[in-house]
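Shown below: model10.pdb, with PDB, C-alpha atoms.
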```pdb
ATOM      1  CA  MET A1197      73.430  79.613  83.172  1.00  0.00           C
ATOM      2  CA  ARG A1198      76.463  80.118  85.359  1.00  0.00           C
ATOM      3  CA  GLN A1199      77.382  83.681  86.340  1.00  0.00           C
ATOM      4  CA  VAL A1200      81.102  84.052  86.844  1.00  0.00           C
ATOM      5  CA  VAL A1201      80.713  86.613  89.613  1.00  0.00           C
ATOM      6  CA  THR A1202      79.922  85.284  93.090  1.00  0.00           C
ATOM      7  CA  GLN A1203      76.528  86.675  94.005  1.00  0.00           C
ATOM      8  CA  PRO A1204      75.440  87.262  97.606  1.00  0.00           C
ATOM      9  CA  ASP A1205      72.942  84.508  98.397  1.00  0.00           C
ATOM     10  CA  GLY A1206      70.540  86.669 100.374  1.00  0.00           C
ATOM     11  CA  ARG A1207      71.058  84.853 103.668  1.00  0.00           C
ATOM     12  CA  PRO A1208      71.427  86.954 106.851  1.00  0.00           C
ATOM     13  CA  LEU A1209      74.996  88.077 107.475  1.00  0.00           C
ATOM     14  CA  SER A1210      77.057  86.162 110.013  1.00  0.00           C
ATOM     15  CA  GLU A1211      77.901  88.031 113.216  1.00  0.00           C
ATOM     16  CA  PRO A1212      81.606  88.556 112.375  1.00  0.00           C
ATOM     17  CA  VAL A1213      80.687  89.904 108.930  1.00  0.00           C
ATOM     18  CA  LEU A1214      78.030  92.217 110.355  1.00  0.00           C
ATOM     19  CA  LEU A1215      80.428  93.535 113.003  1.00  0.00           C
ATOM     20  CA  ILE A1216      83.203  94.098 110.445  1.00  0.00           C
ATOM     21  CA  LEU A1217      80.835  96.054 108.185  1.00  0.00           C
ATOM     22  CA  MET A1218      79.605  98.086 111.171  1.00  0.00           C
ATOM     23  CA  SER A1219      83.144  98.851 112.225  1.00  0.00           C
ATOM     24  CA  LEU A1220      84.164  99.983 108.746  1.00  0.00           C
ATOM     25  CA  ALA A1221      80.992 102.080 108.353  1.00  0.00           C
ATOM     26  CA  GLY A1222      82.516 104.570 110.790  1.00  0.00           C
ATOM     27  CA  GLN A1223      85.946 104.841 109.204  1.00  0.00           C
ATOM     28  CA  PRO A1224      88.580 102.754 107.386  1.00  0.00           C
ATOM     29  CA  ARG A1225      90.588 100.534 109.739  1.00  0.00           C
ATOM     30  CA  HIS A1226      93.492  98.119 109.670  1.00  0.00           C
ATOM     31  CA  GLY A1227      93.305  94.561 111.040  1.00  0.00           C
ATOM     32  CA  TYR A1228      94.224  95.192 114.655  1.00  0.00           C
ATOM     33  CA  ALA A1229      91.989  98.296 114.892  1.00  0.00           C
ATOM     34  CA  LEU A1230      89.123  96.162 113.551  1.00  0.00           C
ATOM     35  CA  LEU A1231      89.626  93.546 116.284  1.00  0.00           C
ATOM     36  CA  LYS A1232      89.614  96.215 118.994  1.00  0.00           C
ATOM     37  CA  ASP A1233      86.623  98.082 117.588  1.00  0.00           C
ATOM     38  CA  ILE A1234      84.569  94.897 117.222  1.00  0.00           C
ATOM     39  CA  GLU A1235      85.283  94.059 120.849  1.00  0.00           C
ATOM     40  CA  SER A1236      84.129  97.553 121.787  1.00  0.00           C
ATOM     41  CA  ILE A1237      80.959  97.521 119.591  1.00  0.00           C
ATOM     42  CA  SER A1238      79.927  94.172 121.093  1.00  0.00           C
ATOM     43  CA  GLN A1239      80.751  95.402 124.618  1.00  0.00           C
ATOM     44  CA  GLY A1240      83.426  92.754 125.034  1.00  0.00           C
ATOM     45  CA  ARG A1241      81.162  89.842 124.021  1.00  0.00           C
ATOM     46  CA  VAL A1242      82.819  89.147 120.676  1.00  0.00           C
ATOM     47  CA  ARG A1243      86.576  88.687 120.427  1.00  0.00           C
ATOM     48  CA  LEU A1244      87.423  87.512 116.940  1.00  0.00           C
ATOM     49  CA  SER A1245      90.507  85.407 116.359  1.00  0.00           C
ATOM     50  CA  THR A1246      92.738  86.566 113.520  1.00  0.00           C
ATOM     51  CA  GLY A1247      91.744  83.402 111.603  1.00  0.00           C
ATOM     52  CA  THR A1248      88.061  84.353 111.789  1.00  0.00           C
ATOM     53  CA  LEU A1249      88.732  88.020 111.037  1.00  0.00           C
ATOM     54  CA  TYR A1250      90.814  87.406 107.930  1.00  0.00           C
ATOM     55  CA  GLY A1251      88.536  84.619 106.699  1.00  0.00           C
ATOM     56  CA  ALA A1252      85.650  87.089 106.792  1.00  0.00           C
ATOM     57  CA  LEU A1253      87.770  89.861 105.230  1.00  0.00           C
ATOM     58  CA  ALA A1254      88.744  87.531 102.363  1.00  0.00           C
ATOM     59  CA  ARG A1255      85.085  86.805 101.572  1.00  0.00           C
ATOM     60  CA  LEU A1256      84.119  90.479 101.843  1.00  0.00           C
ATOM     61  CA  LEU A1257      86.937  91.454  99.471  1.00  0.00           C
ATOM     62  CA  GLU A1258      85.832  88.807  97.011  1.00  0.00           C
ATOM     63  CA  ASP A1259      82.220  90.003  97.132  1.00  0.00           C
ATOM     64  CA  GLY A1260      83.381  93.597  96.647  1.00  0.00           C
ATOM     65  CA  TRP A1261      81.775  94.800  99.885  1.00  0.00           C
ATOM     66  CA  ILE A1262      85.070  96.145 101.210  1.00  0.00           C
ATOM     67  CA  GLU A1263      88.342  97.157  99.590  1.00  0.00           C
ATOM     68  CA  ARG A1264      91.929  97.114 100.744  1.00  0.00           C
ATOM     69  CA  PHE A1265      94.233 100.076 100.347  1.00  0.00           C
ATOM     70  CA  GLU A1266      97.624 101.203 101.507  1.00  0.00           C
ATOM     71  CA  GLN A1267      97.581 103.889 104.158  1.00  0.00           C
ATOM     72  CA  GLU A1268      99.596 106.978 103.369  1.00  0.00           C
ATOM     73  CA  ASP A1269     101.010 107.381 106.871  1.00  0.00           C
ATOM     74  CA  THR A1270     103.610 104.684 107.362  1.00  0.00           C
ATOM     75  CA  SER A1271     102.598 103.514 110.818  1.00  0.00           C
ATOM     76  CA  ARG A1272     103.124  99.854 111.655  1.00  0.00           C
ATOM     77  CA  GLU A1273     100.002  98.791 109.783  1.00  0.00           C
ATOM     78  CA  LYS A1274     100.132  99.710 106.116  1.00  0.00           C
ATOM     79  CA  GLN A1275      97.135  97.807 104.752  1.00  0.00           C
ATOM     80  CA  ALA A1276      93.727  99.114 105.711  1.00  0.00           C
ATOM     81  CA  TYR A1277      90.155  98.279 104.741  1.00  0.00           C
ATOM     82  CA  ARG A1278      87.192 100.449 103.844  1.00  0.00           C
ATOM     83  CA  LEU A1279      83.565  99.888 102.983  1.00  0.00           C
ATOM     84  CA  THR A1280      82.492 100.105  99.327  1.00  0.00           C
ATOM     85  CA  ALA A1281      79.128 101.470  98.207  1.00  0.00           C
ATOM     86  CA  ALA A1282      77.924  97.855  97.790  1.00  0.00           C
ATOM     87  CA  GLY A1283      79.052  97.019 101.340  1.00  0.00           C
ATOM     88  CA  ARG A1284      77.270 100.054 102.739  1.00  0.00           C
ATOM     89  CA  ARG A1285      74.077  98.986 100.926  1.00  0.00           C
ATOM     90  CA  GLN A1286      74.333  95.451 102.328  1.00  0.00           C
ATOM     91  CA  LEU A1287      74.855  96.769 105.845  1.00  0.00           C
ATOM     92  CA  GLN A1288      71.871  99.093 105.504  1.00  0.00           C
ATOM     93  CA  MET A1289      69.699  96.205 104.259  1.00  0.00           C
ATOM     94  CA  GLU A1290      70.797  93.951 107.111  1.00  0.00           C
ATOM     95  CA  LEU A1291      70.152  96.631 109.741  1.00  0.00           C
ATOM     96  CA  ASP A1292      66.707  97.307 108.243  1.00  0.00           C
ATOM     97  CA  ARG A1293      65.957  93.571 108.369  1.00  0.00           C
ATOM     98  CA  MET A1294      67.021  93.413 112.016  1.00  0.00           C
ATOM     99  CA  LYS A1295      65.003  96.539 112.868  1.00  0.00           C
ATOM    100  CA  GLN A1296      61.904  94.988 111.312  1.00  0.00           C
ATOM    101  CA  LEU A1297      62.453  91.738 113.250  1.00  0.00           C
ATOM    102  CA  THR A1298      62.989  93.651 116.500  1.00  0.00           C
ATOM    103  CA  ARG A1299      59.760  95.609 115.948  1.00  0.00           C
ATOM    104  CA  ALA A1300      57.818  92.413 115.266  1.00  0.00           C
ATOM    105  CA  GLY A1301      59.320  90.698 118.309  1.00  0.00           C
ATOM    106  CA  MET A1302      58.610  93.633 120.617  1.00  0.00           C
ATOM    107  CA  ALA A1303      55.021  93.818 119.362  1.00  0.00           C
ATOM    108  CA  ARG A1304      54.512  90.134 120.222  1.00  0.00           C
ATOM    109  CA  LEU A1305      55.968  90.668 123.695  1.00  0.00           C
ATOM    110  CA  ARG A1306      53.631  93.611 124.312  1.00  0.00           C
ATOM    111  CA  VAL A1307      50.595  91.543 123.266  1.00  0.00           C
ATOM    112  CA  ARG A1308      51.637  88.772 125.651  1.00  0.00           C
ATOM    113  CA  GLU A1309      52.142  91.237 128.540  1.00  0.00           C
ATOM    114  CA  ALA A1310      48.820  93.037 127.970  1.00  0.00           C
TER     115      ALA A1310
ATOM    116  CA  MET B 231     104.898  82.123 119.467  1.00  0.00           C
ATOM    117  CA  ARG B 232     104.935  84.047 116.208  1.00  0.00           C
ATOM    118  CA  ARG B 233     106.943  81.192 114.662  1.00  0.00           C
ATOM    119  CA  VAL B 234     104.206  78.649 115.468  1.00  0.00           C
ATOM    120  CA  TYR B 235     101.662  81.073 114.063  1.00  0.00           C
ATOM    121  CA  GLU B 236     103.607  81.430 110.824  1.00  0.00           C
ATOM    122  CA  LEU B 237     103.979  77.661 110.543  1.00  0.00           C
ATOM    123  CA  LEU B 238     100.219  77.186 110.910  1.00  0.00           C
ATOM    124  CA  LEU B 239      99.661  79.871 108.312  1.00  0.00           C
ATOM    125  CA  ARG B 240     101.315  77.547 105.802  1.00  0.00           C
ATOM    126  CA  LEU B 241      98.198  75.378 106.013  1.00  0.00           C
ATOM    127  CA  TYR B 242      96.303  78.037 104.026  1.00  0.00           C
ATOM    128  CA  PRO B 243      96.081  78.073 100.204  1.00  0.00           C
ATOM    129  CA  ALA B 244      98.956  80.010  98.574  1.00  0.00           C
ATOM    130  CA  ALA B 245      96.719  82.820  97.259  1.00  0.00           C
ATOM    131  CA  TYR B 246      95.435  83.447 100.770  1.00  0.00           C
ATOM    132  CA  ARG B 247      98.985  83.562 102.185  1.00  0.00           C
ATOM    133  CA  GLU B 248     100.006  85.938  99.441  1.00  0.00           C
ATOM    134  CA  LEU B 249      97.217  88.301 100.447  1.00  0.00           C
ATOM    135  CA  PHE B 250      97.397  88.126 104.252  1.00  0.00           C
ATOM    136  CA  GLY B 251     100.688  86.328 104.993  1.00  0.00           C
ATOM    137  CA  GLU B 252     102.466  89.416 106.330  1.00  0.00           C
ATOM    138  CA  GLU B 253      99.521  91.104 107.928  1.00  0.00           C
ATOM    139  CA  MET B 254      98.081  88.277 110.032  1.00  0.00           C
ATOM    140  CA  PRO B 255     101.221  87.510 112.104  1.00  0.00           C
ATOM    141  CA  ARG B 256     101.643  91.246 112.755  1.00  0.00           C
ATOM    142  CA  VAL B 257      98.083  91.577 114.052  1.00  0.00           C
ATOM    143  CA  PHE B 258      98.531  88.400 116.118  1.00  0.00           C
ATOM    144  CA  GLU B 259     101.679  89.862 117.675  1.00  0.00           C
ATOM    145  CA  GLN B 260      99.948  93.152 118.493  1.00  0.00           C
ATOM    146  CA  ALA B 261      97.048  91.352 120.174  1.00  0.00           C
ATOM    147  CA  ALA B 262      99.419  89.006 122.041  1.00  0.00           C
ATOM    148  CA  ALA B 263     101.409  91.955 123.409  1.00  0.00           C
ATOM    149  CA  GLU B 264      98.367  92.994 125.463  1.00  0.00           C
ATOM    150  CA  ARG B 265      98.311  89.738 127.416  1.00  0.00           C
ATOM    151  CA  ARG B 266     100.513  88.053 130.024  1.00  0.00           C
ATOM    152  CA  GLY B 267     100.763  84.623 131.693  1.00  0.00           C
ATOM    153  CA  MET B 268      97.746  82.342 131.457  1.00  0.00           C
ATOM    154  CA  ALA B 269      95.720  84.881 129.503  1.00  0.00           C
ATOM    155  CA  LEU B 270      98.442  84.881 126.858  1.00  0.00           C
ATOM    156  CA  ALA B 271      98.585  81.054 126.756  1.00  0.00           C
ATOM    157  CA  ARG B 272      94.786  80.851 126.360  1.00  0.00           C
ATOM    158  CA  PHE B 273      94.856  83.519 123.667  1.00  0.00           C
ATOM    159  CA  ALA B 274      97.639  81.767 121.721  1.00  0.00           C
ATOM    160  CA  ALA B 275      95.882  78.379 121.930  1.00  0.00           C
ATOM    161  CA  GLY B 276      92.646  79.968 120.679  1.00  0.00           C
ATOM    162  CA  GLU B 277      94.493  81.663 117.837  1.00  0.00           C
ATOM    163  CA  TRP B 278      96.232  78.471 116.735  1.00  0.00           C
ATOM    164  CA  MET B 279      92.955  76.535 116.757  1.00  0.00           C
ATOM    165  CA  GLY B 280      91.310  79.420 114.887  1.00  0.00           C
ATOM    166  CA  LEU B 281      94.038  79.247 112.257  1.00  0.00           C
ATOM    167  CA  ALA B 282      93.620  75.500 111.757  1.00  0.00           C
ATOM    168  CA  ALA B 283      89.844  75.932 111.390  1.00  0.00           C
ATOM    169  CA  GLY B 284      90.325  78.975 109.129  1.00  0.00           C
ATOM    170  CA  ALA B 285      92.694  77.026 106.874  1.00  0.00           C
ATOM    171  CA  ALA B 286      90.173  74.199 106.518  1.00  0.00           C
ATOM    172  CA  ALA B 287      87.430  76.740 105.673  1.00  0.00           C
ATOM    173  CA  ALA B 288      89.703  78.472 103.127  1.00  0.00           C
ATOM    174  CA  TRP B 289      90.384  75.173 101.328  1.00  0.00           C
ATOM    175  CA  ILE B 290      86.692  74.226 101.340  1.00  0.00           C
ATOM    176  CA  ASP B 291      85.834  77.677  99.913  1.00  0.00           C
ATOM    177  CA  ARG B 292      88.417  77.159  97.204  1.00  0.00           C
ATOM    178  CA  TRP B 293      87.139  73.718  96.259  1.00  0.00           C
ATOM    179  CA  LYS B 294      83.532  74.910  96.230  1.00  0.00           C
ATOM    180  CA  THR B 295      84.131  77.738  93.756  1.00  0.00           C
ATOM    181  CA  ASP B 296      83.283  77.286  90.095  1.00  0.00           C
ATOM    182  CA  PRO B 297      85.922  75.824  87.810  1.00  0.00           C
ATOM    183  CA  ALA B 298      88.465  78.369  86.604  1.00  0.00           C
ATOM    184  CA  LEU B 299      87.589  80.331  83.499  1.00  0.00           C
ATOM    185  CA  ASP B 300      90.224  80.290  80.760  1.00  0.00           C
ATOM    186  CA  LEU B 301      89.989  83.540  78.793  1.00  0.00           C
ATOM    187  CA  THR B 302      92.306  82.230  76.076  1.00  0.00           C
ATOM    188  CA  LYS B 303      89.616  79.711  75.073  1.00  0.00           C
ATOM    189  CA  MET B 304      86.079  80.117  73.726  1.00  0.00           C
ATOM    190  CA  ARG B 305      83.276  81.054  76.111  1.00  0.00           C
ATOM    191  CA  PRO B 306      82.016  77.940  77.917  1.00  0.00           C
ATOM    192  CA  VAL B 307      78.361  77.222  77.091  1.00  0.00           C
ATOM    193  CA  ASP B 308      77.256  77.516  80.726  1.00  0.00           C
ATOM    194  CA  VAL B 309      78.735  81.033  81.167  1.00  0.00           C
ATOM    195  CA  THR B 310      76.566  83.981  80.124  1.00  0.00           C
ATOM    196  CA  ARG B 311      77.854  86.245  77.368  1.00  0.00           C
ATOM    197  CA  GLU B 312      77.469  89.341  79.629  1.00  0.00           C
ATOM    198  CA  SER B 313      79.569  87.979  82.474  1.00  0.00           C
ATOM    199  CA  TYR B 314      82.187  86.614  80.067  1.00  0.00           C
ATOM    200  CA  VAL B 315      82.527  89.988  78.327  1.00  0.00           C
ATOM    201  CA  SER B 316      82.698  91.938  81.582  1.00  0.00           C
ATOM    202  CA  ALA B 317      85.341  89.500  82.922  1.00  0.00           C
ATOM    203  CA  LEU B 318      87.348  90.008  79.746  1.00  0.00           C
ATOM    204  CA  ASP B 319      87.026  93.832  79.906  1.00  0.00           C
ATOM    205  CA  GLU B 320      88.031  94.066  83.553  1.00  0.00           C
ATOM    206  CA  VAL B 321      91.027  91.772  83.146  1.00  0.00           C
ATOM    207  CA  ILE B 322      92.255  93.701  80.106  1.00  0.00           C
ATOM    208  CA  GLU B 323      91.928  97.031  81.963  1.00  0.00           C
ATOM    209  CA  ALA B 324      93.721  95.661  85.039  1.00  0.00           C
ATOM    210  CA  GLN B 325      96.498  94.151  82.887  1.00  0.00           C
ATOM    211  CA  LYS B 326      96.918  97.474  81.038  1.00  0.00           C
ATOM    212  CA  ALA B 327      97.401  99.284  84.347  1.00  0.00           C
ATOM    213  CA  VAL B 328     100.075  96.749  85.389  1.00  0.00           C
ATOM    214  CA  ASP B 329     101.927  97.184  82.070  1.00  0.00           C
ATOM    215  CA  PHE B 330     101.700 100.997  82.275  1.00  0.00           C
ATOM    216  CA  HIS B 331     103.154 101.251  85.791  1.00  0.00           C
ATOM    217  CA  LEU B 332     105.867  98.702  85.009  1.00  0.00           C
ATOM    218  CA  ARG B 333     106.959 100.686  81.924  1.00  0.00           C
ATOM    219  CA  ARG B 334     106.916 103.923  83.945  1.00  0.00           C
ATOM    220  CA  MET B 335     109.046 102.340  86.668  1.00  0.00           C
ATOM    221  CA  GLN B 336     111.570 101.007  84.136  1.00  0.00           C
ATOM    222  CA  ALA B 337     111.803 104.422  82.428  1.00  0.00           C
ATOM    223  CA  ALA B 338     112.331 106.161  85.790  1.00  0.00           C
ATOM    224  CA  ILE B 339     115.090 103.712  86.749  1.00  0.00           C
ATOM    225  CA  SER B 340     116.859 104.259  83.419  1.00  0.00           C
ATOM    226  CA  ARG B 341     116.732 108.043  84.089  1.00  0.00           C
ATOM    227  CA  HIS B 342     118.033 107.442  87.634  1.00  0.00           C
ATOM    228  CA  ASP B 343     114.904 109.178  88.928  1.00  0.00           C
ATOM    229  CA  PHE B 344     114.486 107.016  92.015  1.00  0.00           C
ATOM    230  CA  VAL B 345     111.728 109.116  93.587  1.00  0.00           C
ATOM    231  CA  GLU B 346     109.563 108.543  90.513  1.00  0.00           C
ATOM    232  CA  ALA B 347     110.661 104.881  90.389  1.00  0.00           C
ATOM    233  CA  ARG B 348     109.553 104.324  93.954  1.00  0.00           C
ATOM    234  CA  LEU B 349     106.186 105.963  93.293  1.00  0.00           C
ATOM    235  CA  SER B 350     105.710 103.823  90.191  1.00  0.00           C
ATOM    236  CA  SER B 351     106.729 100.745  92.141  1.00  0.00           C
ATOM    237  CA  ASP B 352     103.952 101.409  94.700  1.00  0.00           C
ATOM    238  CA  GLN B 353     101.436 101.936  91.891  1.00  0.00           C
ATOM    239  CA  ASP B 354     102.678  98.798  90.175  1.00  0.00           C
ATOM    240  CA  ARG B 355     102.119  96.794  93.354  1.00  0.00           C
ATOM    241  CA  ARG B 356      98.596  98.178  93.695  1.00  0.00           C
ATOM    242  CA  ALA B 357      97.830  97.433  90.033  1.00  0.00           C
ATOM    243  CA  ARG B 358      99.058  93.831  90.443  1.00  0.00           C
ATOM    244  CA  GLU B 359      96.916  93.376  93.530  1.00  0.00           C
ATOM    245  CA  ASN B 360      93.923  94.718  91.601  1.00  0.00           C
ATOM    246  CA  LEU B 361      94.622  92.295  88.728  1.00  0.00           C
ATOM    247  CA  ARG B 362      94.838  89.404  91.178  1.00  0.00           C
ATOM    248  CA  LEU B 363      91.511  90.429  92.767  1.00  0.00           C
ATOM    249  CA  VAL B 364      89.822  90.742  89.369  1.00  0.00           C
ATOM    250  CA  ARG B 365      91.072  87.267  88.419  1.00  0.00           C
ATOM    251  CA  ARG B 366      89.821  85.909  91.691  1.00  0.00           C
ATOM    252  CA  LYS B 367      86.447  87.620  91.338  1.00  0.00           C
ATOM    253  CA  TYR B 368      85.838  85.885  88.014  1.00  0.00           C
ATOM    254  CA  HIS B 369      87.644  82.625  88.903  1.00  0.00           C
ATOM    255  CA  ILE B 370      90.033  83.133  86.018  1.00  0.00           C
ATOM    256  CA  ALA B 371      92.913  80.732  85.572  1.00  0.00           C
ATOM    257  CA  GLU B 372      96.355  82.354  86.060  1.00  0.00           C
TER     258      GLU B 372
END
```

Mind turning this structure into structure tokens?
Amino acid sequence: MRQVVTQPDGRPLSEPVLLILMSLAGQPRHGYALLKDIESISQGRVRLSTGTLYGALARLLEDGWIERFEQEDTSREKQAYRLTAAGRRQLQMELDRMKQLTRAGMARLRVREA
Amino acid sequence: MRRVYELLLRLYPAAYRELFGEEMPRVFEQAAAERRGMALARFAAGEWMGLAAGAAAAWIDRWKTDPALDLTKMRPVDVTRESYVSALDEVIEAQKAVDFHLRRMQAAISRHDFVEARLSSDQDRRARENLRLVRRKYHIAE
């Protein structure tokens, strides 16, 4: 039977999505602040184009992992984004998955070196 | 430069432009302001290509989604009762909020209470955005 809600398919998150979730885990941000923070988190390796950023934001909004709200202070950017409880859960799951993979990989390297 | 950006933005589906149409050019402009000369040209070219690719992805996403659900008709046989009922409940709640804030705004305007009218107008906009997101979440026909 068809579910009308789009369900996450359980695949690993793409890098832009992961970085957006990480950035919003710290605090809510608007579009430009997200671009800058993602560049900083990735130590300058990832510079998202606005097309990529907003494509990912659209999917995250649809999945209910982030939400958009209007900032009270009327600086240049009015619309900002924040993580929802579901988004925080997904980020936690993804980081746990990566931690487990890293542990397994490091263990293999140690065996090879020994 | 912003003009070209806005033209390329027209390649996106209307719902997408409605959501991000003001915000994206502003962010593009802010990022462009940090660059000069060749770095700016490279940045702009990358952005324009990114927009073209993003528009294609947005259309593919739209075509891949399930057919729209029409809540004025009977539940389709391939849609579960639970998801149909929760879609119906959420849409009704969101529509109620839109109606409430619209009525409040109209009442405030008739009283010439423009502070209250402005507040209601902001809440009305938020309620409409919420309704649009709920419709999108459940692929409900407008």

So what do you get for CA of Phe273 in chain B versus CA of Leu1220 in chain A, distance-wise?
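Result for CA of Phe273 in chain B versus CA of Leu1220 in chain A: 24.7 Å, one decimal.
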
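Counting all atoms listed in the file, the residue from A:Gln1296, A:Thr1248, A:Ser1236, A:Ser1210 that sits nearest to Leu281 in chain B is A:Thr1248.
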
Pull out every residue of chain B that has at least one atom within 10 Å of chain A, counting only C-alpha atoms, and report them as a ChimeraX atom specification.
/B:239,246,249-250,253-261,273-274,276-285,287-288,291,295-299,306-314,316-317,352,356,359-360,363-364,366-370

Nearby residues (only C-alpha atoms) at most 6 Å from range 1279-1284 of chain A, same-chain spacing under 2 positions excluded, as a PyMOL selection string
chain A and resi 1220+1261-1262+1286-1287

Just how far from CA of Arg365 in chain B is CA of Leu318 in chain B, in Å to one decimal?
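Going from CA of Leu318 in chain B over to CA of Arg365 in chain B, I get 9.8 Å.
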
Going by the chain IDs and residue numbers used in this file, which residues fall under the PyMOL selection byres ((chain A and resi 1233) around 12)? Write them as a short mmCIF file (atom, residue, chain, number, x, y, z; two decimals) with C-alpha atoms, in the frame of the given file.
```
data_model
loop_
_atom_site.label_atom_id
_atom_site.label_comp_id
_atom_site.auth_asym_id
_atom_site.auth_seq_id
_atom_site.Cartn_x
_atom_site.Cartn_y
_atom_site.Cartn_z
CA PRO A 1212 81.61 88.56 112.38
CA LEU A 1215 80.43 93.54 113.00
CA ILE A 1216 83.20 94.10 110.44
CA LEU A 1217 80.83 96.05 108.18
CA MET A 1218 79.60 98.09 111.17
CA SER A 1219 83.14 98.85 112.22
CA LEU A 1220 84.16 99.98 108.75
CA ALA A 1221 80.99 102.08 108.35
CA GLY A 1222 82.52 104.57 110.79
CA GLN A 1223 85.95 104.84 109.20
CA PRO A 1224 88.58 102.75 107.39
CA ARG A 1225 90.59 100.53 109.74
CA HIS A 1226 93.49 98.12 109.67
CA GLY A 1227 93.30 94.56 111.04
CA TYR A 1228 94.22 95.19 114.66
CA ALA A 1229 91.99 98.30 114.89
CA LEU A 1230 89.12 96.16 113.55
CA LEU A 1231 89.63 93.55 116.28
CA LYS A 1232 89.61 96.22 118.99
CA ILE A 1234 84.57 94.90 117.22
CA GLU A 1235 85.28 94.06 120.85
CA SER A 1236 84.13 97.55 121.79
CA ILE A 1237 80.96 97.52 119.59
CA SER A 1238 79.93 94.17 121.09
CA GLN A 1239 80.75 95.40 124.62
CA GLY A 1240 83.43 92.75 125.03
CA ARG A 1241 81.16 89.84 124.02
CA VAL A 1242 82.82 89.15 120.68
CA ARG A 1243 86.58 88.69 120.43
CA LEU A 1244 87.42 87.51 116.94
#
```

Could you jot down the CA of Asp354 in chain B to CA of Asp329 in chain B separation for me, Å, one decimal place?
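Between these atoms lies a distance of 8.3 Å.
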